[in-house]
file target_34.txt (compact mmCIF, C-alpha atoms)
# COMPACT_ATOMS: atom_id res chain seq x y z
CA MET A 1 -14.38 4.65 -31.07
CA THR A 2 -11.90 2.14 -29.64
CA THR A 3 -12.44 -1.44 -30.81
CA ASN A 4 -12.26 -4.39 -28.45
CA THR A 5 -9.14 -5.54 -30.29
CA ALA A 6 -7.45 -2.23 -29.58
CA LEU A 7 -8.67 -2.34 -25.97
CA ALA A 8 -7.27 -5.84 -25.59
CA ALA A 9 -3.87 -4.69 -26.82
CA ARG A 10 -3.96 -1.72 -24.47
CA ALA A 11 -4.97 -3.94 -21.54
CA THR A 12 -2.08 -6.29 -22.25
CA ALA A 13 0.33 -3.35 -22.39
CA PHE A 14 -1.09 -2.01 -19.11
CA ALA A 15 -0.62 -5.35 -17.35
CA ARG A 16 3.05 -5.39 -18.38
CA LEU A 17 3.63 -2.14 -16.51
CA HIS A 18 3.24 -4.01 -13.20
CA THR A 19 6.73 -4.99 -12.10
CA SER A 20 8.65 -4.60 -8.87
CA ALA A 21 11.77 -3.76 -10.91
CA ALA A 22 10.11 -0.44 -11.82
CA PRO A 23 6.74 -0.17 -10.01
CA LEU A 24 3.86 1.46 -11.83
CA ALA A 25 3.45 4.81 -10.04
CA LEU A 26 -0.05 6.27 -10.32
CA ALA A 27 -0.96 9.84 -9.40
CA ASN A 28 -4.73 9.37 -9.42
CA ALA A 29 -6.83 11.81 -11.44
CA TRP A 30 -10.47 12.79 -11.04
CA ASP A 31 -11.32 14.75 -14.19
CA VAL A 32 -10.03 15.41 -17.70
CA ALA A 33 -7.71 18.25 -16.69
CA SER A 34 -6.03 16.29 -13.90
CA ALA A 35 -5.72 13.26 -16.20
CA ARG A 36 -4.06 15.40 -18.88
CA LEU A 37 -1.63 16.77 -16.28
CA VAL A 38 -0.71 13.27 -15.13
CA GLU A 39 -0.15 12.15 -18.71
CA ALA A 40 1.91 15.28 -19.50
CA ALA A 41 4.17 14.50 -16.53
CA GLY A 42 5.20 11.32 -18.34
CA ALA A 43 3.03 8.76 -16.58
CA PRO A 44 2.59 5.55 -18.60
CA ALA A 45 -1.01 5.18 -17.41
CA VAL A 46 -3.78 7.18 -15.75
CA ALA A 47 -5.80 5.93 -12.78
CA THR A 48 -8.91 7.56 -11.42
CA THR A 49 -9.59 8.06 -7.72
CA SER A 50 -13.12 7.13 -6.70
CA ALA A 51 -13.11 9.71 -3.91
CA GLY A 52 -11.90 12.53 -6.15
CA VAL A 53 -14.37 11.60 -8.87
CA ALA A 54 -17.26 11.47 -6.42
CA TRP A 55 -16.34 14.78 -4.79
CA SER A 56 -15.98 16.51 -8.16
CA LEU A 57 -19.47 15.32 -9.08
CA GLY A 58 -21.05 16.38 -5.79
CA SER A 59 -21.23 12.99 -4.07
CA PRO A 60 -19.45 11.49 -1.08
CA ASP A 61 -17.12 8.56 -1.63
CA GLY A 62 -18.41 5.10 -0.71
CA ASP A 63 -20.91 3.73 -3.23
CA ALA A 64 -23.01 6.91 -3.28
CA LEU A 65 -22.24 7.99 -6.84
CA SER A 66 -24.47 6.55 -9.55
CA ARG A 67 -23.02 4.12 -12.07
CA ASP A 68 -24.01 6.23 -15.07
CA ARG A 69 -22.26 9.34 -13.78
CA ALA A 70 -19.13 7.35 -12.94
CA LEU A 71 -19.04 5.72 -16.38
CA ASP A 72 -19.51 9.07 -18.09
CA LEU A 73 -16.47 10.44 -16.24
CA ILE A 74 -14.40 7.36 -17.10
CA ALA A 75 -15.29 7.76 -20.77
CA ARG A 76 -14.29 11.42 -20.73
CA VAL A 77 -10.92 10.63 -19.17
CA ALA A 78 -10.22 7.67 -21.46
CA ALA A 79 -11.02 9.76 -24.53
CA ALA A 80 -8.77 12.59 -23.36
CA VAL A 81 -5.49 10.69 -22.92
CA ALA A 82 -3.40 8.38 -25.10
CA VAL A 83 -2.16 6.16 -22.27
CA PRO A 84 -4.12 3.27 -20.69
CA VAL A 85 -6.74 4.19 -18.11
CA THR A 86 -7.67 2.17 -15.04
CA ALA A 87 -10.79 3.16 -13.14
CA ASP A 88 -11.58 2.90 -9.45
CA ILE A 89 -15.18 1.66 -9.43
CA GLU A 90 -15.56 1.44 -5.64
CA GLY A 91 -17.49 -1.75 -4.86
CA GLY A 92 -18.59 -2.20 -8.47
CA PHE A 93 -21.61 0.15 -8.55
CA GLY A 94 -24.03 -2.74 -8.17
CA ALA A 95 -26.04 -4.49 -5.49
CA ASP A 96 -24.96 -7.96 -6.60
CA ALA A 97 -22.43 -9.77 -8.74
CA ALA A 98 -24.55 -9.56 -11.89
CA ALA A 99 -24.74 -5.78 -11.55
CA VAL A 100 -20.96 -5.59 -11.12
CA GLY A 101 -20.63 -7.48 -14.40
CA GLU A 102 -22.85 -4.87 -16.05
CA THR A 103 -20.67 -2.11 -14.61
CA VAL A 104 -17.53 -3.72 -16.00
CA ALA A 105 -19.11 -4.00 -19.43
CA GLY A 106 -19.78 -0.28 -19.18
CA VAL A 107 -16.19 0.42 -18.09
CA LEU A 108 -14.90 -1.39 -21.18
CA ALA A 109 -17.33 0.51 -23.40
CA ALA A 110 -15.98 3.70 -21.82
CA GLY A 111 -12.46 2.77 -22.91
CA ALA A 112 -10.74 1.82 -19.65
CA VAL A 113 -8.62 -1.33 -19.42
CA GLY A 114 -8.35 -1.75 -15.66
CA VAL A 115 -10.55 -1.52 -12.59
CA ASN A 116 -10.18 -1.41 -8.83
CA ILE A 117 -12.96 -3.18 -6.96
CA GLU A 118 -12.96 -2.95 -3.15
CA ASP A 119 -14.27 -5.49 -0.68
CA GLY A 120 -14.93 -3.07 2.20
CA ASN A 121 -17.12 -4.75 4.78
CA ARG A 122 -18.40 -7.41 2.39
CA SER A 123 -17.58 -11.02 3.10
CA PRO A 124 -14.67 -12.47 1.14
CA ALA A 125 -17.04 -14.97 -0.48
CA GLU A 126 -19.37 -12.22 -1.71
CA HIS A 127 -16.49 -10.18 -3.03
CA ALA A 128 -15.06 -13.18 -4.84
CA GLU A 129 -18.40 -13.56 -6.63
CA ARG A 130 -18.29 -9.91 -7.67
CA LEU A 131 -14.75 -10.32 -8.99
CA ALA A 132 -15.73 -13.44 -10.90
CA ALA A 133 -18.58 -11.51 -12.53
CA ALA A 134 -16.15 -8.75 -13.50
CA ARG A 135 -13.81 -11.29 -15.06
CA ALA A 136 -16.66 -12.98 -16.92
CA ALA A 137 -17.81 -9.67 -18.37
CA ALA A 138 -14.29 -8.87 -19.56
CA ASP A 139 -13.86 -12.33 -21.03
CA ALA A 140 -17.15 -11.94 -22.89
CA ALA A 141 -15.81 -8.74 -24.43
CA GLY A 142 -12.51 -10.38 -25.32
CA VAL A 143 -10.49 -7.90 -23.25
CA PRO A 144 -7.94 -9.00 -20.60
CA LEU A 145 -9.12 -6.33 -18.18
CA PHE A 146 -6.70 -5.80 -15.28
CA VAL A 147 -8.89 -6.46 -12.25
CA ASN A 148 -7.22 -5.04 -9.15
CA ALA A 149 -8.89 -6.50 -6.07
CA ARG A 150 -8.74 -4.10 -3.13
CA ILE A 151 -8.56 -5.65 0.33
CA ASP A 152 -9.61 -3.33 3.15
CA THR A 153 -8.51 -5.35 6.17
CA PHE A 154 -5.72 -2.93 7.09
CA LEU A 155 -7.46 0.24 5.91
CA PHE A 156 -10.56 -0.45 8.02
CA GLY A 157 -8.81 -2.36 10.81
CA LEU A 158 -10.89 -5.48 10.22
CA GLY A 159 -10.48 -8.54 12.41
CA ASP A 160 -7.86 -9.38 15.02
CA PRO A 161 -4.62 -7.44 14.45
CA ALA A 162 -2.66 -10.58 15.32
CA THR A 163 -4.18 -12.49 12.40
CA ARG A 164 -4.83 -9.60 10.01
CA LEU A 165 -1.88 -10.39 7.75
CA ASP A 166 -2.93 -14.03 7.37
CA ALA A 167 -6.54 -12.99 6.76
CA THR A 168 -5.37 -10.59 4.06
CA LEU A 169 -3.32 -13.29 2.37
CA ASP A 170 -6.29 -15.66 2.49
CA ARG A 171 -8.51 -13.05 0.85
CA ALA A 172 -5.88 -12.36 -1.78
CA ALA A 173 -5.66 -16.04 -2.72
CA ALA A 174 -9.45 -16.30 -2.97
CA TYR A 175 -9.72 -13.16 -5.08
CA LEU A 176 -7.01 -14.33 -7.47
CA ARG A 177 -8.83 -17.64 -7.89
CA ALA A 178 -11.97 -15.65 -8.72
CA GLY A 179 -10.23 -13.83 -11.56
CA ALA A 180 -8.35 -10.87 -10.11
CA CYS A 181 -5.03 -9.94 -11.73
CA GLY A 182 -3.57 -7.89 -8.91
CA ILE A 183 -4.10 -7.19 -5.23
CA PHE A 184 -4.39 -3.71 -3.69
CA VAL A 185 -3.85 -3.43 0.06
CA PRO A 186 -4.28 0.19 1.21
CA GLY A 187 -3.61 1.19 4.78
CA VAL A 188 -0.20 -0.43 5.13
CA SER A 189 3.24 1.05 4.41
CA ASP A 190 5.33 -0.61 7.11
CA PRO A 191 8.23 -2.20 5.20
CA ALA A 192 8.12 -5.49 7.08
CA THR A 193 4.40 -5.95 6.50
CA VAL A 194 4.64 -4.87 2.87
CA ALA A 195 7.42 -7.40 2.30
CA GLU A 196 5.31 -10.18 3.87
CA LEU A 197 2.41 -9.27 1.62
CA ALA A 198 4.59 -9.27 -1.47
CA ARG A 199 6.04 -12.66 -0.56
CA GLY A 200 2.65 -14.16 0.17
CA ILE A 201 0.69 -12.87 -2.85
CA ASP A 202 1.27 -14.55 -6.19
CA ALA A 203 0.34 -11.48 -8.24
CA PRO A 204 1.32 -7.81 -8.56
CA LEU A 205 0.94 -6.03 -5.21
CA ASN A 206 -0.41 -2.46 -5.13
CA VAL A 207 -0.07 -0.24 -2.05
CA LEU A 208 -1.38 3.21 -1.24
CA VAL A 209 1.28 5.83 -0.61
CA GLY A 210 1.34 9.26 0.95
CA PRO A 211 3.72 11.76 2.50
CA ASP A 212 5.28 9.37 5.04
CA ALA A 213 5.45 6.22 2.90
CA PRO A 214 8.69 4.72 1.57
CA SER A 215 9.80 5.81 -1.90
CA VAL A 216 8.63 4.02 -5.02
CA ALA A 217 12.09 2.48 -5.42
CA ALA A 218 12.14 1.29 -1.81
CA LEU A 219 8.71 -0.28 -2.20
CA GLY A 220 9.82 -1.97 -5.40
CA ALA A 221 12.75 -3.49 -3.52
CA LEU A 222 10.20 -4.96 -1.11
CA GLY A 223 8.32 -6.59 -4.00
CA VAL A 224 5.63 -3.98 -4.71
CA SER A 225 4.63 -3.68 -8.39
CA ARG A 226 2.26 -0.71 -8.22
CA VAL A 227 1.92 2.36 -6.00
CA SER A 228 -1.04 4.73 -5.93
CA LEU A 229 -1.54 8.20 -4.49
CA GLY A 230 -5.28 7.53 -4.28
CA SER A 231 -7.27 10.54 -3.11
CA TRP A 232 -4.18 12.38 -1.79
CA VAL A 233 -3.80 14.53 -4.93
CA ALA A 234 -7.46 15.57 -4.95
CA GLU A 235 -7.28 16.32 -1.23
CA ALA A 236 -4.20 18.50 -1.81
CA ALA A 237 -5.96 20.34 -4.64
CA TYR A 238 -9.02 21.04 -2.51
CA ALA A 239 -6.74 22.20 0.32
CA VAL A 240 -5.48 24.93 -2.02
CA VAL A 241 -9.07 25.99 -2.64
CA ARG A 242 -9.74 26.26 1.09
CA ARG A 243 -6.50 28.11 1.84
CA ALA A 244 -7.09 30.59 -0.97
CA ALA A 245 -10.71 31.18 0.03
CA GLU A 246 -9.92 31.60 3.72
CA GLU A 247 -7.02 33.94 2.99
CA LEU A 248 -9.17 36.05 0.67
CA VAL A 249 -12.15 36.22 3.03
CA SER A 250 -10.24 36.75 6.26
CA GLY A 251 -7.32 38.89 5.12
CA GLY A 252 -8.04 40.13 1.64
CA THR A 253 -4.73 38.75 0.31
CA TYR A 254 -3.81 36.18 -2.31
CA GLY A 255 -0.51 34.58 -1.36
CA SER A 256 -1.93 31.07 -1.58
CA LEU A 257 -2.05 31.44 -5.35
CA GLY A 258 1.69 31.91 -5.70
CA HIS A 259 2.36 28.44 -7.09
CA SER A 260 -0.57 28.22 -9.53
CA LEU A 261 -0.16 26.71 -12.96
CA PRO A 262 -0.01 29.32 -15.73
CA TYR A 263 -3.37 29.81 -17.43
CA GLY A 264 -1.92 29.24 -20.88
CA GLU A 265 -0.22 25.99 -19.90
CA LEU A 266 -3.34 24.47 -18.40
CA ASN A 267 -5.59 25.77 -21.15
CA GLY A 268 -3.21 24.41 -23.76
CA LEU A 269 -3.46 20.88 -22.34
CA LEU A 270 -7.17 20.90 -23.10
CA LYS A 271 -6.97 22.15 -26.68
CA GLY A 272 -7.49 19.62 -29.45
call {"tool": "encode", "arguments": {"input": "target_34.txt", "output": "structure tokens"}}
result
Amino acid sequence: MTTNTALAARATAFARLHTSAAPLALANAWDVASARLVEAAGAPAVATTSAGVAWSLGSPDGDALSRDRALDLIARVAAAVAVPVTADIEGGFGADAAAVGETVAGVLAAGAVGVNIEDGNRSPAEHAERLAAARAAADAAGVPLFVNARIDTFLFGLGDPATRLDATLDRAAAYLRAGACGIFVPGVSDPATVAELARGIDAPLNVLVGPDAPSVAALGALGVSRVSLGSWVAEAAYAVVRRAAEELVSGGTYGSLGHSLPYGELNGLLKG
């Protein structure tokens, strides 16, 4: 069992990975096997994807998964890897700020040292309260949990496009005052906008990347300190399942399996 002192040291080490000189690049995992693969690739940390976790457990993404099932998965991943783990906990798995604090206490007990908490369609004031509760729970445990506040203005197209950047910066400032350590703005990869966000946010900036996004190095040059693949990896994995199933059912062939991982390699990652 990991002590709070050890968790605190791991959280501090995780926070230091956030730098635009060499952005923390996270290929988000959703179960033990995917987490082991990410770690084996040389990643200095493992992040979970809320969508991938929910799908793997039979739930849709978007605050539908129960807290207990999410925490159980986080604990399994944290116990399976030696690197720090940060968990996407959607909106905090709670109806109010107090419940978010309870969730964060559970995240720490599970062994993770970072969380993503999204605002979605909540008001900035309500989300700030939820972030403050998360920070208070971490402080009570004596762990400098890395609270990554996700702002969904660009992802959901909230507000007037002409003022969306300013609104995002206002939210970021409020969330940092509430106790967030970093700011995650998915839904934007335009270099000019990313650079404005990095200049205007006094904390590590995290962006979501995909096939058409700038490289990690290019984003670092713009001031980004963390990049995440989010649900992209899980989506790609499930695409293989669909292609293989459709090929088998419709044509009776198996070409989609040509780039599979060797059984022994994958099985070996899960031994011990």
call {"tool": "axis_aligned_box", "arguments": {"input": "target_34.txt", "around": "stretch 190-209 of chain A", "padding_each_side": "3 Å", "output": "AutoDock Vina command-line options"}}
result
--center_x 3.4 --center_y -4.4 --center_z -0.7 --size_x 15.6 --size_y 26.4 --size_z 21.7
call {"tool": "residues_around", "arguments": {"input": "target_34.txt", "residues": "stretch 164-170 of chain A", "least_positions_apart": "2", "cutoff": "12 Å", "atoms": "all atoms listed in the file", "output": "PyMOL selection string"}}
result
chain A and resi 119+123-125+128+149-162+172-177+183-188+192-203+205
call {"tool": "closest_atom_pairs", "arguments": {"input": "target_34.txt", "of": "stretch 31-62 of chain A", "to": "stretch 244-266 of chain A", "cutoff": "12 Å", "atoms": "all atoms listed in the file", "output": "Markdown table"}}
result
| residue | atom | partner | partner_atom | distance |
| --- | --- | --- | --- | --- |
| A:Val32 | CA | A:Leu266 | CA | 11.3 |
| A:Ala33 | CA | A:Leu266 | CA | 7.8 |
| A:Ser34 | CA | A:Leu266 | CA | 9.7 |
| A:Ala35 | CA | A:Leu266 | CA | 11.7 |
| A:Arg36 | CA | A:Leu266 | CA | 9.1 |
| A:Leu37 | CA | A:Leu266 | CA | 8.2 |
| A:Val38 | CA | A:Leu266 | CA | 12.0 |
| A:Ala40 | CA | A:Leu266 | CA | 10.6 |
call {"tool": "residues_around", "arguments": {"input": "target_34.txt", "residues": "stretch 47-51 of chain A", "least_positions_apart": "3", "cutoff": "6 Å", "atoms": "all atoms listed in the file", "output": "PyMOL selection string"}}
result
chain A and resi 28-30+54+61+85-88+230-231
call {"tool": "atom_distance", "arguments": {"input": "target_34.txt", "atom1": "atom CA of A:Ala180", "atom2": "atom CA of A:Ser225"}}
result
14.9 Å
call {"tool": "closest_residue", "arguments": {"input": "target_34.txt", "among": "A:Ala134, A:Ala141, A:Ala75, A:Ala80", "to": "A:Ala99", "atoms": "all atoms listed in the file"}}
result
A:Ala134
call {"tool": "atom_distance", "arguments": {"input": "target_34.txt", "atom1": "atom CA of A:Arg243", "atom2": "atom CA of A:Trp55"}}
result
17.8 Å
call {"tool": "residues_around", "arguments": {"input": "target_34.txt", "residues": "A:Ala15", "least_positions_apart": "4", "cutoff": "9 Å", "atoms": "all atoms listed in the file", "output": "ChimeraX atom specification"}}
result
/A:10-11,114,144-146,181
call {"tool": "closest_residue", "arguments": {"input": "target_34.txt", "among": "A:Leu26, A:Ala140, A:Thr163, A:Glu118", "to": "A:Gly101", "atoms": "all atoms listed in the file"}}
result
A:Ala140
call {"tool": "atom_distance", "arguments": {"input": "target_34.txt", "atom1": "atom CA of A:Val81", "atom2": "atom CA of A:Gly42"}}
result
11.6 Å
call {"tool": "residues_around", "arguments": {"input": "target_34.txt", "residues": "A:Ser20", "least_positions_apart": "2", "cutoff": "12 Å", "atoms": "all atoms listed in the file", "output": "PyMOL selection string"}}
result
chain A and resi 16-18+22-25+195+198-199+203-207+216-227
call {"tool": "closest_residue", "arguments": {"input": "target_34.txt", "among": "A:His127, A:Ala138, A:Glu39, A:Glu235", "to": "A:Val104", "atoms": "all atoms listed in the file"}}
result
A:Ala138
call {"tool": "residues_near_point", "arguments": {"input": "target_34.txt", "point": "(-24.1, -3.2, -8.4)", "cutoff": "12 Å", "atoms": "all atoms listed in the file", "output": "JSON, numbers by chain"}}
result
{"A": [63, 64, 65, 66, 67, 68, 89, 90, 91, 92, 93, 94, 95, 96, 97, 98, 99, 100, 101, 102, 103, 104, 106, 117, 127, 129, 130, 131, 133, 134]}
call {"tool": "decode", "arguments": {"input": "target_34.txt", "residues": "stretch 244-258 of chain A", "atoms": "N, CA and C atoms", "output": "CSV table (one decimal), in the first residue's frame"}}
result
chain,number,residue,atom,x,y,z
A,244,ALA,N,-12.2,-5.9,-37.9
A,244,ALA,CA,-11.9,-7.4,-37.9
A,244,ALA,C,-13.3,-8.2,-37.9
A,245,ALA,N,-14.2,-7.7,-37.1
A,245,ALA,CA,-15.5,-8.4,-37.1
A,245,ALA,C,-16.2,-8.3,-38.4
A,246,GLU,N,-16.2,-7.1,-39.0
A,246,GLU,CA,-16.9,-6.9,-40.3
A,246,GLU,C,-16.3,-7.7,-41.4
A,247,GLU,N,-14.9,-7.7,-41.4
A,247,GLU,CA,-14.2,-8.5,-42.4
A,247,GLU,C,-14.5,-10.0,-42.2
A,248,LEU,N,-14.5,-10.5,-41.0
A,248,LEU,CA,-14.8,-11.9,-40.7
A,248,LEU,C,-16.2,-12.3,-41.1
A,249,VAL,N,-17.2,-11.5,-40.7
A,249,VAL,CA,-18.6,-11.8,-41.0
A,249,VAL,C,-18.9,-11.6,-42.5
A,250,SER,N,-18.4,-10.6,-43.1
A,250,SER,CA,-18.8,-10.3,-44.5
A,250,SER,C,-18.0,-11.1,-45.5
A,251,GLY,N,-16.7,-11.3,-45.2
A,251,GLY,CA,-15.9,-11.9,-46.2
A,251,GLY,C,-15.2,-13.2,-45.8
A,252,GLY,N,-15.2,-13.5,-44.5
A,252,GLY,CA,-14.6,-14.7,-44.0
A,252,GLY,C,-13.1,-14.7,-44.1
A,253,THR,N,-12.5,-13.4,-44.1
A,253,THR,CA,-11.0,-13.3,-44.1
A,253,THR,C,-10.6,-12.5,-42.8
A,254,TYR,N,-9.2,-12.4,-42.7
A,254,TYR,CA,-8.7,-12.0,-41.4
A,254,TYR,C,-7.6,-10.9,-41.6
A,255,GLY,N,-7.5,-10.3,-42.7
A,255,GLY,CA,-6.4,-9.3,-42.9
A,255,GLY,C,-6.3,-8.2,-41.9
A,256,SER,N,-7.4,-7.8,-41.3
A,256,SER,CA,-7.3,-6.8,-40.3
A,256,SER,C,-6.5,-7.1,-39.1
A,257,LEU,N,-6.1,-8.3,-38.9
A,257,LEU,CA,-5.3,-8.7,-37.8
A,257,LEU,C,-3.8,-8.8,-38.1
A,258,GLY,N,-3.5,-8.3,-39.2
A,258,GLY,CA,-2.1,-8.4,-39.6
A,258,GLY,C,-1.1,-7.6,-38.8
